[in-house]
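Chemist: Here you go, input-v7.txt (compact mmCIF, C-alpha atoms and all ligand atoms):
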```txt
# COMPACT_ATOMS: atom_id res chain seq x y z
CA MET A 146 -6.70 9.80 3.23
CA SER A 147 -6.21 9.02 6.89
CA THR A 148 -7.98 11.27 9.40
CA TRP A 149 -8.18 11.50 13.19
CA ALA A 150 -8.26 8.22 15.12
CA ASN A 151 -8.00 6.09 12.00
CA LEU A 152 -5.61 3.46 13.31
CA GLY A 153 -6.45 0.79 10.72
CA LEU A 154 -6.02 0.73 6.97
CA GLN A 155 -7.57 3.41 4.80
CA ASP A 156 -10.66 2.65 2.74
CA SER A 157 -9.61 1.02 -0.49
CA ALA A 158 -9.92 2.74 -3.85
CA SER A 159 -8.74 -0.22 -5.92
CA PRO A 160 -9.56 -3.95 -6.15
CA LEU A 161 -6.04 -4.94 -5.08
CA MET A 162 -6.22 -2.85 -1.93
CA GLU A 163 -9.58 -4.46 -1.17
CA GLN A 164 -7.91 -7.88 -1.38
CA LEU A 165 -5.03 -6.67 0.81
CA ILE A 166 -7.54 -5.56 3.47
CA PHE A 167 -9.31 -8.94 3.29
CA PHE A 168 -5.98 -10.68 3.76
CA HIS A 169 -5.04 -8.43 6.67
CA ASP A 170 -8.34 -9.18 8.44
CA HIS A 171 -7.95 -12.92 7.75
CA ALA A 172 -4.41 -13.00 9.18
CA LEU A 173 -5.47 -10.89 12.17
CA LEU A 174 -8.35 -13.25 12.95
CA ILE A 175 -5.95 -16.24 13.05
CA LEU A 176 -3.57 -14.25 15.24
CA VAL A 177 -6.33 -13.34 17.70
CA MET A 178 -7.46 -16.96 17.94
CA ILE A 179 -3.90 -18.17 18.66
CA THR A 180 -3.32 -15.39 21.20
CA ILE A 181 -6.53 -16.22 23.04
CA LEU A 182 -5.74 -19.96 23.12
CA VAL A 183 -2.13 -19.51 24.28
CA GLY A 184 -3.18 -16.80 26.74
CA TYR A 185 -5.83 -19.08 28.24
CA LEU A 186 -3.33 -21.97 28.50
CA MET A 187 -0.71 -19.80 30.20
CA PHE A 188 -3.25 -18.36 32.59
CA MET A 189 -4.59 -21.78 33.56
CA LEU A 190 -1.06 -23.10 34.24
CA PHE A 191 -0.86 -20.90 37.33
CA PHE A 192 -3.78 -22.75 38.90
CA ASN A 193 -2.68 -26.25 37.84
CA SER A 194 -1.63 -28.46 40.74
CA TYR A 195 -1.71 -31.84 38.98
CA ILE A 196 1.53 -33.80 39.25
CA ASN A 197 2.39 -37.05 37.45
CA ARG A 198 5.68 -38.74 38.40
CA PHE A 199 5.53 -41.14 35.41
CA LEU A 200 4.79 -38.62 32.64
CA LEU A 201 7.90 -38.70 30.42
CA HIS A 202 6.58 -38.52 26.84
CA GLY A 203 3.42 -38.14 24.79
CA GLN A 204 3.82 -39.11 21.13
CA LEU A 205 0.28 -38.21 20.11
CA ILE A 206 0.19 -34.68 21.55
CA GLU A 207 3.65 -33.98 20.09
CA MET A 208 2.36 -34.96 16.65
CA ILE A 209 -0.75 -32.78 17.04
CA TRP A 210 1.04 -29.65 18.21
CA THR A 211 3.66 -29.96 15.51
CA ILE A 212 1.39 -30.56 12.52
CA LEU A 213 -1.49 -28.28 13.55
CA PRO A 214 0.57 -25.02 13.54
CA ALA A 215 2.05 -26.07 10.17
CA ILE A 216 -1.45 -26.40 8.72
CA ILE A 217 -2.48 -23.04 10.23
CA LEU A 218 0.58 -21.42 8.61
CA LEU A 219 -0.49 -22.84 5.23
CA PHE A 220 -3.81 -21.00 5.59
CA ILE A 221 -1.81 -17.76 5.76
CA ALA A 222 0.92 -18.65 3.26
CA LEU A 223 -1.31 -19.65 0.35
CA PRO A 224 -3.54 -16.51 0.27
CA SER A 225 -0.38 -14.44 0.78
CA LEU A 226 1.27 -15.97 -2.29
CA ARG A 227 -1.93 -15.51 -4.31
CA LEU A 228 -1.88 -11.79 -3.47
CA LEU A 229 1.83 -11.49 -4.16
CA TYR A 230 1.44 -12.73 -7.73
CA LEU A 231 -1.80 -10.79 -8.23
CA LEU A 232 -0.01 -7.54 -7.31
CA ASP A 233 2.66 -8.27 -9.92
CA GLU A 234 0.20 -8.82 -12.75
CA ILE A 235 0.04 -6.24 -15.58
CA ASN A 236 -3.36 -6.20 -17.34
CA GLU A 237 -3.00 -4.36 -20.67
CA PRO A 238 -2.66 -0.83 -19.26
CA SER A 239 -4.43 2.03 -21.08
CA VAL A 240 -2.32 4.77 -19.49
CA THR A 241 1.31 4.76 -18.43
CA LEU A 242 2.58 7.23 -15.87
CA LYS A 243 6.25 7.66 -15.05
CA SER A 244 7.17 9.14 -11.70
CA ILE A 245 10.70 10.18 -10.82
CA GLY A 246 11.79 10.76 -7.24
CA HIS A 247 14.06 13.71 -6.51
CA GLN A 248 15.39 15.26 -3.31
CA TRP A 249 12.74 16.32 -2.41
CA TYR A 250 9.86 16.30 -4.84
CA TRP A 251 8.29 14.03 -7.42
CA SER A 252 8.21 14.71 -11.14
CA TYR A 253 5.86 13.02 -13.58
CA GLU A 254 5.81 12.12 -17.26
CA TYR A 255 2.83 11.02 -19.36
CA SER A 256 4.82 9.29 -22.10
CA ASP A 257 1.67 8.32 -24.08
CA PHE A 258 0.55 11.92 -24.52
CA ASN A 259 3.19 14.03 -26.25
CA ASN A 260 5.44 13.46 -23.25
CA ILE A 261 3.74 15.87 -20.85
CA GLU A 262 6.02 16.40 -17.87
CA PHE A 263 5.80 18.43 -14.67
CA ASP A 264 7.15 18.66 -11.13
CA SER A 265 4.97 18.15 -8.07
CA TYR A 266 6.04 19.99 -4.91
CA MET A 267 4.47 20.01 -1.47
CA ILE A 268 2.65 23.27 -0.66
CA PRO A 269 4.48 24.89 2.30
CA THR A 270 2.31 25.56 5.38
CA ASN A 271 2.52 29.35 5.02
CA GLU A 272 1.18 29.18 1.44
CA LEU A 273 -1.60 26.68 2.22
CA SER A 274 -5.21 27.62 1.42
CA ASN A 275 -7.96 27.11 4.01
CA ASP A 276 -9.14 23.82 2.49
CA GLY A 277 -5.62 22.46 1.97
CA PHE A 278 -4.10 19.60 3.92
CA ARG A 279 -0.87 20.51 5.71
CA LEU A 280 2.23 18.53 4.59
CA LEU A 281 0.03 16.55 2.18
CA ASP A 282 -1.15 18.82 -0.63
CA VAL A 283 0.94 19.51 -3.73
CA ASP A 284 1.01 22.26 -6.34
CA ASN A 285 0.57 19.94 -9.36
CA ARG A 286 -1.57 16.84 -8.86
CA VAL A 287 -1.34 13.61 -10.83
CA VAL A 288 -4.59 13.39 -12.80
CA LEU A 289 -5.58 9.83 -13.71
CA PRO A 290 -8.70 8.24 -15.20
CA MET A 291 -10.81 6.02 -12.97
CA ASN A 292 -11.99 2.56 -14.07
CA SER A 293 -8.90 2.09 -16.24
CA GLN A 294 -5.81 -0.05 -15.89
CA ILE A 295 -2.88 2.24 -15.15
CA ARG A 296 0.76 1.28 -15.38
CA ILE A 297 3.20 3.19 -13.24
CA LEU A 298 6.94 3.29 -13.85
CA VAL A 299 9.00 4.49 -10.89
CA THR A 300 12.60 5.62 -10.79
CA ALA A 301 14.73 8.21 -9.00
CA ALA A 302 17.32 10.78 -9.93
CA ASP A 303 19.46 10.94 -6.79
CA VAL A 304 18.78 8.55 -3.87
CA ILE A 305 16.17 5.84 -3.26
CA HIS A 306 12.60 7.12 -2.83
CA SER A 307 9.34 5.21 -2.63
CA TRP A 308 6.10 6.06 -4.40
CA THR A 309 3.45 5.00 -1.89
CA ILE A 310 -0.32 5.44 -1.94
CA PRO A 311 -2.11 3.48 0.81
CA ALA A 312 -5.65 3.71 -0.62
CA LEU A 313 -4.52 2.14 -3.90
CA GLY A 314 -2.28 -0.51 -2.38
CA VAL A 315 0.72 0.80 -4.30
CA LYS A 316 4.24 0.98 -2.90
CA VAL A 317 7.15 0.96 -5.32
CA ASP A 318 10.73 1.98 -4.69
CA GLY A 319 12.27 4.52 -7.03
CA THR A 320 15.91 3.56 -7.39
CA PRO A 321 18.52 5.47 -9.42
CA GLY A 322 19.48 3.51 -12.54
CA ARG A 323 16.46 1.21 -12.34
CA LEU A 324 12.91 1.37 -13.65
CA ASN A 325 10.33 -0.38 -11.51
CA GLN A 326 6.88 -1.22 -12.76
CA THR A 327 3.52 -1.86 -11.18
CA ASN A 328 -0.10 -1.35 -12.08
CA PHE A 329 -3.37 -0.40 -10.43
CA PHE A 330 -7.01 0.27 -11.15
CA ILE A 331 -8.80 3.14 -9.38
CA ASN A 332 -12.48 2.27 -8.90
CA ARG A 333 -13.82 5.58 -7.59
CA PRO A 334 -13.26 9.30 -8.13
CA GLY A 335 -11.54 11.43 -5.53
CA LEU A 336 -8.22 12.60 -4.17
CA PHE A 337 -5.81 9.97 -2.94
CA TYR A 338 -2.85 11.02 -0.84
CA GLY A 339 0.48 9.31 -0.46
CA GLN A 340 3.97 9.98 0.80
CA CYS A 341 7.51 8.91 0.06
CA SER A 342 8.37 5.90 2.20
CA GLU A 343 12.09 5.39 1.83
CA ILE A 344 14.20 7.50 4.18
CA CYS A 345 15.70 9.75 1.50
CA GLY A 346 17.23 12.63 3.41
CA ALA A 347 16.37 15.76 5.42
CA ASN A 348 13.08 16.53 3.66
CA HIS A 349 11.86 12.95 3.25
CA SER A 350 8.61 13.84 5.05
CA PHE A 351 7.88 16.68 2.66
CA MET A 352 7.46 15.02 -0.76
CA PRO A 353 3.80 13.91 -0.76
CA ILE A 354 1.86 12.49 -3.69
CA VAL A 355 -1.68 13.51 -4.67
CA ILE A 356 -3.68 11.56 -7.21
CA GLU A 357 -6.80 13.11 -8.66
CA SER A 358 -9.03 10.32 -9.91
CA VAL A 359 -11.53 11.59 -12.51
CA PRO A 360 -13.92 10.06 -15.08
CA VAL A 361 -12.22 9.12 -18.36
CA ASN A 362 -13.75 11.96 -20.44
CA TYR A 363 -12.51 14.53 -17.87
CA PHE A 364 -9.06 12.97 -18.07
CA ILE A 365 -9.06 13.26 -21.87
CA LYS A 366 -10.05 16.94 -21.56
CA TRP A 367 -7.27 17.55 -19.05
CA ILE A 368 -4.65 15.78 -21.14
CA THR A 369 -5.60 17.55 -24.41
CA ASN A 370 -5.54 20.94 -22.64
CA ASN A 371 -2.05 20.20 -21.39
CA MET A 372 -0.87 18.90 -24.75
CA ASN A 373 -1.82 22.14 -26.49
CA SER A 374 -0.23 24.49 -24.00
CU1 LIG B 1 11.83 10.55 -1.02
CU2 LIG B 1 11.68 9.70 1.24
```
Would you mind writing the file out in structure tokens?
Modeler:
Amino acid sequence: MSTWANLGLQDSASPLMEQLIFFHDHALLILVMITILVGYLMFMLFFNSYINRFLLHGQLIEMIWTILPAIILLFIALPSLRLLYLLDEINEPSVTLKSIGHQWYWSYEYSDFNNIEFDSYMIPTNELSNDGFRLLDVDNRVVLPMNSQIRILVTAADVIHSWTIPALGVKVDGTPGRLNQTNFFINRPGLFYGQCSEICGANHSFMPIVIESVPVNYFIKWITNNMNS
């Protein structure tokens, strides 16, 4: 999760998020180089006193400063498209999780395992324990196995919500009457926090998501315990 003074992206917990961070840094580097070049040019113009009465056109420089930016844009566009299609890929998921957005909480269904279902509400500040995170912790966490391909199906019951977890690089809209699909792979254990990111009404800020990433055998224990009860 994000903590004090973390103005950049969160540390990734999935290979796709790692790629997204690489792409962000790549694009930012190009942006900084362009900004420095243009900034230098603009600054130097103030001190330029050269005048040429006969300068009316320059075919060569026009060609260069038309084609060069186009090539630079290609260096952003191609990796961007690669990522776009990579994010859409589904790689034989071993677990499917369905999450349904409501005003204002998420509910979950594990359709592969006897259709376990539960609601996940934010813990109000006055009920928070000392180690809890305000506005971020929930009563029932989503337990998922690490090092496994996970498919997530997102929908909503009332208005549009968005199931968003920055550390996993997942952001899918839950839309009433539609079922959206994406997939991810968690490569480390831990708690990963997310929030709804479609303005969905008065309590939009108070429907967080908590994913508990555990080793596969722990996940199997958790799921069998819940199937029996
Ligand atoms: Cu649900 Cu914003």
Chemist: For the atom pair CA of Asp156 (chain A) and CA of Val240 (chain A), what is the interatomic distance in Å to one decimal place?
Modeler: 23.8 Å
Chemist: What's the 12 Å shell around Ser225 (chain A), counting all atoms listed in the file, without same-chain residues fewer than 2 positions away, as a PDB file with C-alpha atoms, in the coordinates of the input?
Modeler:
```pdb
ATOM      1  CA  GLN A 164      -7.910  -7.880  -1.380  1.00  0.00           C
ATOM      2  CA  LEU A 165      -5.030  -6.670   0.810  1.00  0.00           C
ATOM      3  CA  ILE A 166      -7.540  -5.560   3.470  1.00  0.00           C
ATOM      4  CA  PHE A 167      -9.310  -8.940   3.290  1.00  0.00           C
ATOM      5  CA  PHE A 168      -5.980 -10.680   3.760  1.00  0.00           C
ATOM      6  CA  HIS A 169      -5.040  -8.430   6.670  1.00  0.00           C
ATOM      7  CA  HIS A 171      -7.950 -12.920   7.750  1.00  0.00           C
ATOM      8  CA  ALA A 172      -4.410 -13.000   9.180  1.00  0.00           C
ATOM      9  CA  LEU A 218       0.580 -21.420   8.610  1.00  0.00           C
ATOM     10  CA  LEU A 219      -0.490 -22.840   5.230  1.00  0.00           C
ATOM     11  CA  PHE A 220      -3.810 -21.000   5.590  1.00  0.00           C
ATOM     12  CA  ILE A 221      -1.810 -17.760   5.760  1.00  0.00           C
ATOM     13  CA  ALA A 222       0.920 -18.650   3.260  1.00  0.00           C
ATOM     14  CA  LEU A 223      -1.310 -19.650   0.350  1.00  0.00           C
ATOM     15  CA  ARG A 227      -1.930 -15.510  -4.310  1.00  0.00           C
ATOM     16  CA  LEU A 228      -1.880 -11.790  -3.470  1.00  0.00           C
ATOM     17  CA  LEU A 229       1.830 -11.490  -4.160  1.00  0.00           C
ATOM     18  CA  TYR A 230       1.440 -12.730  -7.730  1.00  0.00           C
ATOM     19  CA  LEU A 231      -1.800 -10.790  -8.230  1.00  0.00           C
ATOM     20  CA  LEU A 232      -0.010  -7.540  -7.310  1.00  0.00           C
TER      21      LEU A 232
END
```
Chemist: As a VMD selection string, please: every protein or nucleic acid residue near ligand LIG 1 (chain B) (cut-off 9 Å, counting only C-alpha atoms and all ligand atoms).
Modeler: chain A and resid 246 to 251 301 304 to 308 319 340 to 353
Chemist: If you measure from CA of Asp284 (chain A) to CA of Tyr253 (chain A), what distance in Å do you get, rounded to one decimal?
Modeler: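 One can read the CA of Asp284 (chain A) to CA of Tyr253 (chain A) distance as 12.7 Å.
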Chemist: Figure out the distance between CA of Leu161 (chain A) and CA of Lys316 (chain A), please, to one decimal in Å.
Modeler: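 According to the coordinates, CA of Lys316 (chain A) and CA of Leu161 (chain A) are separated by 12.1 Å.
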Chemist: Edge lengths and centre, in Å to one decimal, as JSON: that's what I need for the box along x, y and z that holds all listed atoms of region 229-245 of chain A plus 3 Å on each side.
Modeler:
```
{"center_x": 3.1, "center_y": -1.3, "center_z": -12.6, "size_x": 21.1, "size_y": 28.9, "size_z": 22.9}
```
Chemist: Which residues of region 201-290 of chain A have any atom within 9 Å of an atom in region 296-299 of chain A when counting all atoms listed in the file, and what is the closest pair of atoms for each, with the distance in Å to one decimal? Order the rows by chain and rising number and write it as a Markdown table.
Modeler:
```
| residue | atom | partner | partner_atom | distance |
| --- | --- | --- | --- | --- |
| A:Ile235 | CA | A:Arg296 | CA | 7.6 |
| A:Asn236 | CA | A:Arg296 | CA | 8.8 |
| A:Glu237 | CA | A:Arg296 | CA | 8.6 |
| A:Pro238 | CA | A:Arg296 | CA | 5.6 |
| A:Ser239 | CA | A:Arg296 | CA | 7.7 |
| A:Val240 | CA | A:Arg296 | CA | 6.2 |
| A:Thr241 | CA | A:Arg296 | CA | 4.7 |
| A:Leu242 | CA | A:Ile297 | CA | 4.9 |
| A:Lys243 | CA | A:Leu298 | CA | 4.6 |
| A:Ser244 | CA | A:Val299 | CA | 5.1 |
| A:Ile245 | CA | A:Val299 | CA | 5.9 |
| A:Gly246 | CA | A:Val299 | CA | 7.8 |
```
Chemist: Selection from above, C-alpha atoms, as a tab-separated table (two decimals), in the coordinates of the input, can you write it?
Modeler:
```tsv
chain	number	residue	atom	x	y	z
A	235	ILE	CA	0.04	-6.24	-15.58
A	236	ASN	CA	-3.36	-6.20	-17.34
A	237	GLU	CA	-3.00	-4.36	-20.67
A	238	PRO	CA	-2.66	-0.83	-19.26
A	239	SER	CA	-4.43	2.03	-21.08
A	240	VAL	CA	-2.32	4.77	-19.49
A	241	THR	CA	1.31	4.76	-18.43
A	242	LEU	CA	2.58	7.23	-15.87
A	243	LYS	CA	6.25	7.66	-15.05
A	244	SER	CA	7.17	9.14	-11.70
A	245	ILE	CA	10.70	10.18	-10.82
A	246	GLY	CA	11.79	10.76	-7.24
```
Chemist: Could you pull the residues within 12 Å of Trp367 (chain A), counting all atoms listed in the file, minus those fewer than 6 positions along the same chain, as a ChimeraX atom specification?
Modeler: /A:258,261,286-290,357-361,373-374
Chemist: Please rebuild region 206-217 of chain A with all heavy atoms and give the result as a short mmCIF file (atom, residue, chain, number, x, y, z; two decimals), in the frame of the given file.
Modeler:
```cif
data_model
loop_
_atom_site.label_atom_id
_atom_site.label_comp_id
_atom_site.auth_asym_id
_atom_site.auth_seq_id
_atom_site.Cartn_x
_atom_site.Cartn_y
_atom_site.Cartn_z
N ILE A 206 0.31 -36.14 21.41
CA ILE A 206 0.19 -34.68 21.55
C ILE A 206 1.33 -33.97 20.85
O ILE A 206 1.16 -32.88 20.28
CB ILE A 206 0.08 -34.28 23.04
CG1 ILE A 206 -0.37 -32.82 23.20
CG2 ILE A 206 1.38 -34.49 23.79
CD1 ILE A 206 -1.77 -32.55 22.70
N GLU A 207 2.52 -34.58 20.82
CA GLU A 207 3.65 -33.98 20.09
C GLU A 207 3.35 -33.90 18.60
O GLU A 207 3.65 -32.89 17.95
CB GLU A 207 4.93 -34.81 20.30
CG GLU A 207 5.47 -34.79 21.73
CD GLU A 207 6.33 -33.56 22.03
OE1 GLU A 207 6.41 -32.68 21.18
OE2 GLU A 207 6.91 -33.52 23.14
N MET A 208 2.75 -34.96 18.06
CA MET A 208 2.36 -34.96 16.65
C MET A 208 1.34 -33.85 16.39
O MET A 208 1.48 -33.08 15.43
CB MET A 208 1.73 -36.32 16.27
CG MET A 208 2.70 -37.48 16.21
SD MET A 208 3.69 -37.43 14.73
CE MET A 208 2.55 -38.13 13.56
N ILE A 209 0.33 -33.76 17.26
CA ILE A 209 -0.75 -32.78 17.04
C ILE A 209 -0.20 -31.36 17.09
O ILE A 209 -0.43 -30.57 16.18
CB ILE A 209 -1.86 -32.98 18.10
CG1 ILE A 209 -2.60 -34.30 17.83
CG2 ILE A 209 -2.85 -31.81 18.05
CD1 ILE A 209 -3.54 -34.71 18.94
N TRP A 210 0.59 -31.05 18.13
CA TRP A 210 1.04 -29.65 18.21
C TRP A 210 2.26 -29.34 17.36
O TRP A 210 2.80 -28.26 17.42
CB TRP A 210 1.15 -29.17 19.66
CG TRP A 210 2.23 -29.72 20.55
CD1 TRP A 210 3.52 -30.01 20.25
CD2 TRP A 210 2.07 -29.98 21.94
NE1 TRP A 210 4.17 -30.46 21.34
CE2 TRP A 210 3.33 -30.45 22.42
CE3 TRP A 210 1.01 -29.87 22.85
CZ2 TRP A 210 3.53 -30.80 23.75
CZ3 TRP A 210 1.22 -30.21 24.17
CH2 TRP A 210 2.47 -30.69 24.60
N THR A 211 2.69 -30.27 16.56
CA THR A 211 3.66 -29.96 15.51
C THR A 211 2.95 -29.72 14.18
O THR A 211 3.21 -28.73 13.48
CB THR A 211 4.68 -31.10 15.33
OG1 THR A 211 5.28 -31.37 16.60
CG2 THR A 211 5.75 -30.74 14.33
N ILE A 212 2.02 -30.63 13.84
CA ILE A 212 1.39 -30.56 12.52
C ILE A 212 0.34 -29.46 12.47
O ILE A 212 0.23 -28.75 11.47
CB ILE A 212 0.78 -31.94 12.16
CG1 ILE A 212 1.92 -32.96 11.98
CG2 ILE A 212 -0.05 -31.86 10.89
CD1 ILE A 212 1.45 -34.39 11.88
N LEU A 213 -0.41 -29.28 13.55
CA LEU A 213 -1.49 -28.28 13.55
C LEU A 213 -0.99 -26.86 13.23
O LEU A 213 -1.55 -26.20 12.35
CB LEU A 213 -2.25 -28.33 14.87
CG LEU A 213 -3.67 -27.76 14.80
CD1 LEU A 213 -4.57 -28.65 13.95
CD2 LEU A 213 -4.26 -27.57 16.19
N PRO A 214 0.08 -26.35 13.90
CA PRO A 214 0.57 -25.02 13.54
C PRO A 214 1.03 -24.95 12.09
O PRO A 214 0.88 -23.90 11.43
CB PRO A 214 1.75 -24.82 14.48
CG PRO A 214 1.45 -25.69 15.64
CD PRO A 214 0.80 -26.91 15.05
N ALA A 215 1.60 -26.07 11.57
CA ALA A 215 2.05 -26.07 10.17
C ALA A 215 0.87 -25.88 9.23
O ALA A 215 0.95 -25.13 8.25
CB ALA A 215 2.78 -27.37 9.86
N ILE A 216 -0.25 -26.54 9.56
CA ILE A 216 -1.45 -26.40 8.72
C ILE A 216 -1.99 -24.97 8.82
O ILE A 216 -2.35 -24.36 7.82
CB ILE A 216 -2.51 -27.44 9.13
CG1 ILE A 216 -2.01 -28.85 8.80
CG2 ILE A 216 -3.83 -27.17 8.43
CD1 ILE A 216 -2.87 -29.96 9.36
N ILE A 217 -1.99 -24.42 10.04
CA ILE A 217 -2.48 -23.04 10.23
C ILE A 217 -1.62 -22.07 9.40
O ILE A 217 -2.14 -21.16 8.77
CB ILE A 217 -2.46 -22.66 11.72
CG1 ILE A 217 -3.51 -23.49 12.48
CG2 ILE A 217 -2.75 -21.17 11.91
CD1 ILE A 217 -3.43 -23.38 13.98
#
```
